[in-house]
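Take a look at the structure below.
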Amino acid sequence: IRGRCDKEKKVLLRRPPLPRLQPSFHHFCFVMEPKLAPSAYGHDDSDFDPSAPPPFRLGEIRAAIPQHCWVKSPWRSMSYVVRDIVVVFALAVAAFRLDSWLVWPIYWAVQGTMFWAIFVLGHDCGHGSFSDSHILNSVMGHILHSSILVPYHGWRISHKTHHSNHGHVENDESWVPLTEKTYKSLDVSTRLLRFTIPFPVFAYPFYLWWRSPGKKGSHFNPYSDLFAPSERRDVLTSTISWSIMVALLAGLSCVFGLVPMLKLYGGPYWIFVMWLDTVTYLHHHGHDDHKLPWYRGKEWSYLRGGLTTVDRDYGLFNNIHHDIGTHVIHHLFPQIPHYHLVEATRAAKPVLGKYYREPKRSGPFPYHLIDNLVKSIKEDHYVSDTGDIVFYETDPEQFKSDPKKLA
C-alpha cells in the first residue's frame, strides 16, 4: 500500500499546474472559461521546430474528435444556403431601389462578403462535407459556384489536389511557393504583380484561367494537365454551367444596362475575389512566430503537410463565412462539416500540442491580419531549389529601388 501511495504522489507532483480562470463575455452572459498559461504543459515555443516530425499520428487526432462531428446534415447545410441566398437577394433589391453612391460602396463590401460565404458552401459541396449525397453535392455545388463565376468541378478537382499535397513544394496547387530558379526567371511585370499589394488579392480569376507561374493548364479546359481523362466530362459540365451564368449576366446587362449590372454584380464580385485570395493566402503564409516549412521527397507526408496550415480569427466574419478560418482540422479531415470544425479543433488541440498555432484573437474586424498579409507578401518570395525541408526566403533586390519598402 505504501509503495502505491508513493507512486501516486510522484504522479501528482509531475502534473502541470491547474489552468487559471479568467472571465470572458460570451453569448451575453458572464462565464468562467479556463485559460491555459503558456507554460501550463511545459511548452516553450522559443526553441520549437515546426518542421520536426510530430510525435503523434493522424489516427490519434481522428480518435480525439467526437463522433458526432463527422455527421453531415443536409438539412442543416441547406439552411445555410437559404440564409445566405435570402441575404444576397435582399441586399441586391435594397441597393437597386436606393441607387445612391452613398450606398453602393457599402453594398459592394457587404454583398462581396456574402458572395464569399456562398463560395464556402460550394467548397463544402466539393469536399463532400455538405451531405452524403453525391447528387445533392454536385447540384448545389454547381448552383452556388456558377452563380459567382467559379467552374465547380474544375475548381473541385484542383482543390482536391491541393488538399492531397498540402505543404509540398512541387505538388501543391494553392499559393504554391516559387522555387528560386522559377522566381528568377519571371519577368519584371509578373514579379511586380505577384509581390506588390494589392495585386495578389485580385489573382483568383487569372489563376482559374492560367494557374500559377511554373504550372500549365486551365480550370475550364477538360484536356488541361489538371485533369485525368475520366474527369473531362465533369469539367465540361462545369464549364457549360459557368458559360450559362456569363450569358445570363450578359442578358441582364442588355435589359437593365451595363452600368447597373456592374454596380449590382461587378463590385461585389471583386470584393469576393479579394476575400478568397486573402483568406486562402493566410491559410498557408504569414504566421507571426515561425516561418512555415514546405517539404519535398521523403520528408513530406500528409500529416506534416497539413500541419503547416494556420487557423485565423476573423472576428464577426467567422460565422458569416462559415468558420473557414478554422483551417487546420479542415485540411486534415475535409469531410467534417464546417459547423463542427470549431468543436473538432477544440477536441484535437491536446493532441496537436505545439503543432497547433493558436490564432491571434480578433476584434469585430480582423485588421491585424492586414499586417500579416503585407509582411508575408513582401518577405516570402521563393524557396530553395534543393532540400527536402525548405522555408521562404526574401529577395533583397525586389524592393531595392525603394529602401523604405524593406523597412
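In the C-alpha cells, chains take letters A, B, ... by order of appearance, with residues numbered from 1 within each chain and ligands from 1 in the order shown.
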If we count only C-alpha atoms and set the cut-off at 12 Å, which residues sit around Glu170 (chain A), ignoring sequence neighbours fewer than 2 positions away in its own chain? Please answer as a PyMOL selection string. chain A and resi 161-162+165-168+172-179+182+212-215+294-297+300+383-386+388+390
Could you tell me, as a list of chain:residue names, which residues of region 167-311 of chain A DSSP assigns to strand (DSSP E or B) when given the backbone? A:His168, A:Thr179, A:Trp294, A:Tyr295
Could you list, as a PyMOL selection string, every residue within 12 Å of Ile106 (chain A), counting only C-alpha atoms and ignoring same-chain residues fewer than 4 positions away? chain A and resi 91-92+94-95+99-102+110-113+263-264+267-268+271
Contacts of Leu332 (chain A) at 6 Å (only C-alpha atoms; same-chain gap of 2+ positions) as an MDAnalysis selection string: chainID A and resid 306 329:330
What's around Trp210 (chain A) at 12 Å? Count only C-alpha atoms, leave out sequence neighbours fewer than 4 positions away in its own chain, and write the answer as a list in words.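 Residues near the query, excluding close chain neighbours: Ala203, Tyr204, Pro205, Phe206, Gly214, Lys215, Lys216, Gly217, Ser218, His219, Phe220, Asn221, Ser224, Asp225 and Leu226 of chain A.
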Give me the residues of region 315-344 of chain A that have any atom at most 12 Å from an atom of region 121-143 of chain A; for each, the nearest atom pair and the distance in Å, rounded to one decimal. Use only C-alpha atoms, sort by chain and number, and format it as a Markdown table.
| residue | atom | partner | partner_atom | distance |
| --- | --- | --- | --- | --- |
| A:Ile320 | CA | A:Leu121 | CA | 11.0 |
| A:His321 | CA | A:Leu121 | CA | 8.6 |
| A:His322 | CA | A:Leu121 | CA | 7.8 |
| A:Asp323 | CA | A:Leu121 | CA | 10.8 |
| A:Ile324 | CA | A:Leu121 | CA | 9.9 |
| A:His330 | CA | A:His127 | CA | 10.0 |
| A:His331 | CA | A:His127 | CA | 10.5 |
| A:Leu332 | CA | A:His127 | CA | 12.0 |
| A:Phe333 | CA | A:His127 | CA | 9.7 |
| A:Pro334 | CA | A:His127 | CA | 6.1 |
| A:Gln335 | CA | A:Ser129 | CA | 4.8 |
| A:Ile336 | CA | A:Ser129 | CA | 5.8 |
| A:Pro337 | CA | A:Ser129 | CA | 4.9 |
| A:His338 | CA | A:Asp124 | CA | 7.5 |
| A:Tyr339 | CA | A:Ser129 | CA | 10.0 |
| A:His340 | CA | A:Ser129 | CA | 10.4 |
| A:Leu341 | CA | A:Ser129 | CA | 11.1 |
Limited to N, CA and C atoms, could you put the picked residues into a file as a compact mmCIF listing (two decimals), in the first residue's frame?
# COMPACT_ATOMS: atom_id res chain seq x y z
N ILE A 320 -20.25 34.40 -40.50
CA ILE A 320 -20.74 34.76 -41.83
C ILE A 320 -20.12 33.89 -42.90
N HIS A 321 -18.81 33.66 -42.81
CA HIS A 321 -18.18 32.83 -43.84
C HIS A 321 -17.91 31.40 -43.34
N HIS A 322 -18.78 30.95 -42.45
CA HIS A 322 -18.89 29.54 -42.10
C HIS A 322 -17.59 28.94 -41.55
N ASP A 323 -16.94 29.70 -40.66
CA ASP A 323 -15.76 29.22 -39.92
C ASP A 323 -14.66 28.68 -40.82
N ILE A 324 -14.50 29.29 -41.99
CA ILE A 324 -13.44 28.82 -42.89
C ILE A 324 -12.06 29.10 -42.30
N HIS A 330 -9.74 21.25 -40.79
CA HIS A 330 -10.37 21.10 -42.10
C HIS A 330 -9.40 20.51 -43.11
N HIS A 331 -8.14 20.94 -43.07
CA HIS A 331 -7.18 20.43 -44.05
C HIS A 331 -6.86 18.96 -43.82
N LEU A 332 -6.82 18.56 -42.58
CA LEU A 332 -6.52 17.16 -42.28
C LEU A 332 -7.73 16.26 -42.51
N PHE A 333 -8.93 16.79 -42.21
CA PHE A 333 -10.16 15.99 -42.32
C PHE A 333 -11.23 16.82 -43.04
N PRO A 334 -11.12 16.98 -44.36
CA PRO A 334 -12.07 17.84 -45.08
C PRO A 334 -13.49 17.30 -45.11
N GLN A 335 -13.70 16.07 -44.63
CA GLN A 335 -15.06 15.51 -44.60
C GLN A 335 -15.90 16.10 -43.47
N ILE A 336 -15.27 16.77 -42.50
CA ILE A 336 -16.01 17.32 -41.36
C ILE A 336 -16.78 18.56 -41.81
N PRO A 337 -18.10 18.63 -41.57
CA PRO A 337 -18.87 19.82 -41.96
C PRO A 337 -18.37 21.07 -41.24
N HIS A 338 -18.55 22.21 -41.88
CA HIS A 338 -18.00 23.44 -41.32
C HIS A 338 -18.56 23.77 -39.94
N TYR A 339 -19.82 23.36 -39.70
CA TYR A 339 -20.45 23.70 -38.42
C TYR A 339 -19.96 22.83 -37.26
N HIS A 340 -19.07 21.89 -37.53
CA HIS A 340 -18.46 21.09 -36.46
C HIS A 340 -16.96 21.38 -36.30
N LEU A 341 -16.41 22.27 -37.14
CA LEU A 341 -14.96 22.46 -37.14
C LEU A 341 -14.43 23.06 -35.85
Name the residues in contact with Val150 (chain A) at a cut-off of 9 Å, using only C-alpha atoms, excluding same-chain residues fewer than 6 positions from it; report them as a short mmCIF file (atom, residue, chain, number, x, y, z; two decimals) with N, CA and C atoms, in the first residue's frame.
data_model
loop_
_atom_site.label_atom_id
_atom_site.label_comp_id
_atom_site.auth_asym_id
_atom_site.auth_seq_id
_atom_site.Cartn_x
_atom_site.Cartn_y
_atom_site.Cartn_z
N PHE A 119 -19.38 30.98 -51.75
CA PHE A 119 -18.27 30.15 -52.22
C PHE A 119 -17.93 29.06 -51.20
N HIS A 142 -22.78 23.23 -58.23
CA HIS A 142 -22.89 23.95 -59.50
C HIS A 142 -23.71 25.23 -59.36
N LEU A 144 -24.25 27.07 -56.61
CA LEU A 144 -23.56 28.05 -55.77
C LEU A 144 -22.33 28.62 -56.47
N PRO A 205 -9.31 35.04 -60.51
CA PRO A 205 -9.83 34.76 -61.87
C PRO A 205 -8.72 34.38 -62.85
N LEU A 208 -7.68 30.80 -62.29
CA LEU A 208 -8.61 29.84 -62.87
C LEU A 208 -8.32 29.62 -64.35
N SER A 238 -19.14 21.65 -65.89
CA SER A 238 -18.98 22.86 -65.09
C SER A 238 -18.66 24.07 -65.96
N THR A 239 -17.88 23.87 -67.03
CA THR A 239 -17.58 24.97 -67.93
C THR A 239 -18.85 25.44 -68.64
N TRP A 242 -20.83 27.41 -66.08
CA TRP A 242 -20.22 28.74 -65.94
C TRP A 242 -20.61 29.63 -67.12
#
What gap, in Å, lies between CA of Tyr356 (chain A) and CA of Arg304 (chain A)?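 Computing it gives 11.8 Å between the two atoms.
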Between A:Ile118, A:Ile157, A:Val82, A:Leu58, which is the closest to Phe272 (chain A) once you count only C-alpha atoms?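 The shortest atom-to-atom distance to Phe272 (chain A) comes from A:Ile118.
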With DSSP run on the backbone, what are the helix (DSSP H, G or I) residues within region 362-394 of chain A? I'd like them as a ChimeraX atom specification. /A:368-379
Please save C-alpha atoms of the selected residues as a PDB file, in the first residue's frame.
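Output file selection_1.pdb follows:
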ATOM      1  CA  HIS A 368      -4.427  42.678 -37.534  1.00  0.00           C
ATOM      2  CA  LEU A 369      -4.383  40.260 -40.472  1.00  0.00           C
ATOM      3  CA  ILE A 370      -3.567  43.061 -42.902  1.00  0.00           C
ATOM      4  CA  ASP A 371      -0.107  43.324 -41.346  1.00  0.00           C
ATOM      5  CA  ASN A 372       0.389  39.549 -41.681  1.00  0.00           C
ATOM      6  CA  LEU A 373      -0.635  39.667 -45.336  1.00  0.00           C
ATOM      7  CA  VAL A 374       1.510  42.661 -46.313  1.00  0.00           C
ATOM      8  CA  LYS A 375       4.568  41.457 -44.394  1.00  0.00           C
ATOM      9  CA  SER A 376       4.402  37.965 -45.887  1.00  0.00           C
ATOM     10  CA  ILE A 377       3.956  39.143 -49.471  1.00  0.00           C
ATOM     11  CA  LYS A 378       6.939  41.485 -49.082  1.00  0.00           C
ATOM     12  CA  GLU A 379       9.195  38.850 -47.500  1.00  0.00           C
TER      13      GLU A 379
END
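Nearest residue to Tyr314 (chain A) among A:Val279, A:Leu292, A:Ile240, A:Met78 is A:Val279, counting only C-alpha atoms.
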For Tyr269 (chain A): contacts at 9 Å, only C-alpha atoms, fewer than 5 positions along chain excluded, given as a ChimeraX atom specification: /A:108,111-112,115-116,148-149,274
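Atom to atom, CA of His381 (chain A) and CA of Val310 (chain A) stand 18.8 Å apart.
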A:Leu276, A:Tyr302, A:Val351, A:Gly363: which is nearest Leu316 (chain A), counting only C-alpha atoms?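 Residue with the minimum atom-to-atom distance to Leu316 (chain A): A:Gly363.
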Residue among A:Leu248, A:Ile389, A:Val273, A:Leu192 lying closest to Met261 (chain A), counting only C-alpha atoms: A:Leu248
To one decimal place in Å, what is the distance between CA of Asn171 (chain A) and CA of Thr308 (chain A)? 14.8 Å
